[in-house]
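Asker: Can you read through this structure? Questions will come right after.
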Amino acid sequence: MKWSLRFSPEAVAALRRVERSFVGNVWVVLNALEEDHTSVPFQSTEDDPSIYWAAAPGDYTVWFEILDEEHAIRVLDIED
């Protein structure tokens with residue numbers, strides 16, 4: 001069962017700033033999270049174990065939360 005993706009306003013703005021040649025790489029990670037987040041290598045942050053990050057090719061990091069009850073992934077930010 002697919003998970004839904006939800007984007008924070010910060011993540012939407014960050015996605016627009018991703019260098020055009022790397023947008024596809026970021027979407028590969030986002031699509032994999034949507035299909036089965038357990039198939040994506042990710043780690044929790046030390047400060048808040050409910051926030052995770054996954055690396056995307058091109059030195060981008062996708063920050064997200066897993067909302068089990070809602071069967072959703074909330075994308076918080078995308079950084080280079």
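Quick note on naming: the chains in the structure tokens go A, B, ... in the order shown, residues restart at 1 in each chain, and ligands are numbered from 1 in order of appearance.
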Using only C-alpha atoms, determine which residues lie at most 6 Å from segment 44-53 of chain A, disregarding the query and same-chain residues fewer than 3 positions distant; provide the list as an mmCIF file with C-alpha atoms, in the first residue's frame.
Answerer:
data_model
loop_
_atom_site.group_PDB
_atom_site.id
_atom_site.type_symbol
_atom_site.label_atom_id
_atom_site.label_comp_id
_atom_site.auth_asym_id
_atom_site.auth_seq_id
_atom_site.Cartn_x
_atom_site.Cartn_y
_atom_site.Cartn_z
ATOM 1 C CA VAL A 62 15.440 14.951 2.407
ATOM 2 C CA TRP A 63 14.110 15.550 5.950
ATOM 3 C CA PHE A 64 10.813 13.896 6.830
ATOM 4 C CA GLU A 65 8.479 12.470 9.452
#
Asker: Apply DSSP to the backbone of this structure and, from chain A, keep only the residues in alpha helix (DSSP H); write these as a PyMOL selection string.
Answerer: chain A and resi 9-17+23-36
Asker: Hey, can you spit out that residue selection with N, CA, C and O atoms as a PDB file, in the first residue's frame?
Answerer:
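To be explicit, this is the file written out as out_27.pdb:
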ATOM      1  N   PRO A   9       5.441  23.814   3.727  1.00  0.00           N
ATOM      2  CA  PRO A   9       5.755  24.952   2.859  1.00  0.00           C
ATOM      3  C   PRO A   9       7.263  25.102   2.627  1.00  0.00           C
ATOM      4  O   PRO A   9       7.694  25.455   1.530  1.00  0.00           O
ATOM      5  N   GLU A  10       8.066  24.797   3.650  1.00  0.00           N
ATOM      6  CA  GLU A  10       9.524  24.881   3.512  1.00  0.00           C
ATOM      7  C   GLU A  10      10.037  23.866   2.487  1.00  0.00           C
ATOM      8  O   GLU A  10      10.928  24.159   1.698  1.00  0.00           O
ATOM      9  N   ALA A  11       9.453  22.671   2.491  1.00  0.00           N
ATOM     10  CA  ALA A  11       9.880  21.640   1.545  1.00  0.00           C
ATOM     11  C   ALA A  11       9.501  22.007   0.118  1.00  0.00           C
ATOM     12  O   ALA A  11      10.278  21.772  -0.814  1.00  0.00           O
ATOM     13  N   VAL A  12       8.330  22.588  -0.059  1.00  0.00           N
ATOM     14  CA  VAL A  12       7.906  23.020  -1.399  1.00  0.00           C
ATOM     15  C   VAL A  12       8.868  24.075  -1.927  1.00  0.00           C
ATOM     16  O   VAL A  12       9.338  24.005  -3.069  1.00  0.00           O
ATOM     17  N   ALA A  13       9.184  25.055  -1.096  1.00  0.00           N
ATOM     18  CA  ALA A  13      10.114  26.107  -1.508  1.00  0.00           C
ATOM     19  C   ALA A  13      11.499  25.526  -1.785  1.00  0.00           C
ATOM     20  O   ALA A  13      12.155  25.906  -2.768  1.00  0.00           O
ATOM     21  N   ALA A  14      11.944  24.595  -0.957  1.00  0.00           N
ATOM     22  CA  ALA A  14      13.264  23.986  -1.147  1.00  0.00           C
ATOM     23  C   ALA A  14      13.311  23.176  -2.439  1.00  0.00           C
ATOM     24  O   ALA A  14      14.321  23.196  -3.152  1.00  0.00           O
ATOM     25  N   LEU A  15      12.238  22.465  -2.742  1.00  0.00           N
ATOM     26  CA  LEU A  15      12.197  21.673  -3.973  1.00  0.00           C
ATOM     27  C   LEU A  15      12.321  22.572  -5.198  1.00  0.00           C
ATOM     28  O   LEU A  15      12.963  22.210  -6.181  1.00  0.00           O
ATOM     29  N   ARG A  16      11.765  23.748  -5.124  1.00  0.00           N
ATOM     30  CA  ARG A  16      11.883  24.697  -6.237  1.00  0.00           C
ATOM     31  C   ARG A  16      13.308  25.220  -6.397  1.00  0.00           C
ATOM     32  O   ARG A  16      13.681  25.678  -7.466  1.00  0.00           O
ATOM     33  N   ARG A  17      14.095  25.165  -5.326  1.00  0.00           N
ATOM     34  CA  ARG A  17      15.477  25.656  -5.383  1.00  0.00           C
ATOM     35  C   ARG A  17      16.493  24.579  -5.754  1.00  0.00           C
ATOM     36  O   ARG A  17      17.660  24.879  -5.969  1.00  0.00           O
ATOM     37  N   VAL A  23      16.846  17.469  -9.663  1.00  0.00           N
ATOM     38  CA  VAL A  23      15.444  17.329  -9.257  1.00  0.00           C
ATOM     39  C   VAL A  23      14.994  15.875  -9.390  1.00  0.00           C
ATOM     40  O   VAL A  23      14.321  15.336  -8.507  1.00  0.00           O
ATOM     41  N   GLY A  24      15.369  15.227 -10.462  1.00  0.00           N
ATOM     42  CA  GLY A  24      15.000  13.818 -10.664  1.00  0.00           C
ATOM     43  C   GLY A  24      15.549  12.919  -9.569  1.00  0.00           C
ATOM     44  O   GLY A  24      14.871  11.987  -9.120  1.00  0.00           O
ATOM     45  N   ASN A  25      16.768  13.202  -9.120  1.00  0.00           N
ATOM     46  CA  ASN A  25      17.376  12.411  -8.039  1.00  0.00           C
ATOM     47  C   ASN A  25      16.591  12.554  -6.741  1.00  0.00           C
ATOM     48  O   ASN A  25      16.392  11.584  -6.013  1.00  0.00           O
ATOM     49  N   VAL A  26      16.149  13.764  -6.448  1.00  0.00           N
ATOM     50  CA  VAL A  26      15.356  13.989  -5.244  1.00  0.00           C
ATOM     51  C   VAL A  26      14.021  13.257  -5.362  1.00  0.00           C
ATOM     52  O   VAL A  26      13.564  12.616  -4.417  1.00  0.00           O
ATOM     53  N   TRP A  27      13.418  13.304  -6.537  1.00  0.00           N
ATOM     54  CA  TRP A  27      12.137  12.617  -6.724  1.00  0.00           C
ATOM     55  C   TRP A  27      12.276  11.101  -6.651  1.00  0.00           C
ATOM     56  O   TRP A  27      11.326  10.415  -6.270  1.00  0.00           O
ATOM     57  N   VAL A  28      13.429  10.559  -6.995  1.00  0.00           N
ATOM     58  CA  VAL A  28      13.640   9.113  -6.830  1.00  0.00           C
ATOM     59  C   VAL A  28      13.483   8.740  -5.353  1.00  0.00           C
ATOM     60  O   VAL A  28      12.808   7.767  -5.012  1.00  0.00           O
ATOM     61  N   VAL A  29      14.067   9.539  -4.470  1.00  0.00           N
ATOM     62  CA  VAL A  29      13.947   9.289  -3.028  1.00  0.00           C
ATOM     63  C   VAL A  29      12.508   9.499  -2.572  1.00  0.00           C
ATOM     64  O   VAL A  29      11.944   8.681  -1.836  1.00  0.00           O
ATOM     65  N   LEU A  30      11.876  10.585  -3.009  1.00  0.00           N
ATOM     66  CA  LEU A  30      10.498  10.857  -2.602  1.00  0.00           C
ATOM     67  C   LEU A  30       9.544   9.757  -3.074  1.00  0.00           C
ATOM     68  O   LEU A  30       8.683   9.309  -2.314  1.00  0.00           O
ATOM     69  N   ASN A  31       9.711   9.301  -4.300  1.00  0.00           N
ATOM     70  CA  ASN A  31       8.856   8.231  -4.817  1.00  0.00           C
ATOM     71  C   ASN A  31       9.083   6.920  -4.069  1.00  0.00           C
ATOM     72  O   ASN A  31       8.133   6.175  -3.814  1.00  0.00           O
ATOM     73  N   ALA A  32      10.335   6.648  -3.705  1.00  0.00           N
ATOM     74  CA  ALA A  32      10.629   5.434  -2.942  1.00  0.00           C
ATOM     75  C   ALA A  32      10.000   5.508  -1.547  1.00  0.00           C
ATOM     76  O   ALA A  32       9.472   4.510  -1.050  1.00  0.00           O
ATOM     77  N   LEU A  33      10.032   6.678  -0.930  1.00  0.00           N
ATOM     78  CA  LEU A  33       9.378   6.851   0.368  1.00  0.00           C
ATOM     79  C   LEU A  33       7.878   6.608   0.242  1.00  0.00           C
ATOM     80  O   LEU A  33       7.255   5.995   1.112  1.00  0.00           O
ATOM     81  N   GLU A  34       7.315   7.070  -0.837  1.00  0.00           N
ATOM     82  CA  GLU A  34       5.882   6.916  -1.074  1.00  0.00           C
ATOM     83  C   GLU A  34       5.507   5.439  -1.277  1.00  0.00           C
ATOM     84  O   GLU A  34       4.492   4.972  -0.768  1.00  0.00           O
ATOM     85  N   GLU A  35       6.343   4.724  -2.002  1.00  0.00           N
ATOM     86  CA  GLU A  35       6.071   3.307  -2.278  1.00  0.00           C
ATOM     87  C   GLU A  35       6.253   2.432  -1.043  1.00  0.00           C
ATOM     88  O   GLU A  35       5.405   1.619  -0.711  1.00  0.00           O
ATOM     89  N   ASP A  36       7.405   2.563  -0.395  1.00  0.00           N
ATOM     90  CA  ASP A  36       7.728   1.748   0.782  1.00  0.00           C
ATOM     91  C   ASP A  36       8.897   2.401   1.498  1.00  0.00           C
ATOM     92  O   ASP A  36      10.047   2.185   1.133  1.00  0.00           O
TER      93      ASP A  36
END
Asker: When you draw a straight line from atom CA of Val40 of chain A to atom CA of His71 of chain A, how long is it in Å?
Answerer: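 Here the two named atoms are 16.1 Å from each other.
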Asker: Extract, using only C-alpha atoms, all DNA, RNA and protein residues at most 10 Å from Glu19 of chain A, discarding same-chain residues fewer than 5 positions from it, and format them as a ChimeraX atom specification.
Answerer: /A:24,58,60,80
Asker: From the list A:Ala55, A:Leu76, A:Gln43, A:Glu70, which residue is nearest Lys2 of chain A when using only C-alpha atoms?
Answerer: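 Using only C-alpha atoms, Lys2 of chain A sits closest to A:Glu70.
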Asker: For a quick check of understanding, using only C-alpha atoms, which of A:Ala54, A:Ile78, A:Ile73, A:Leu67 has the smallest distance to Phe22 of chain A?
Answerer: A:Ile78
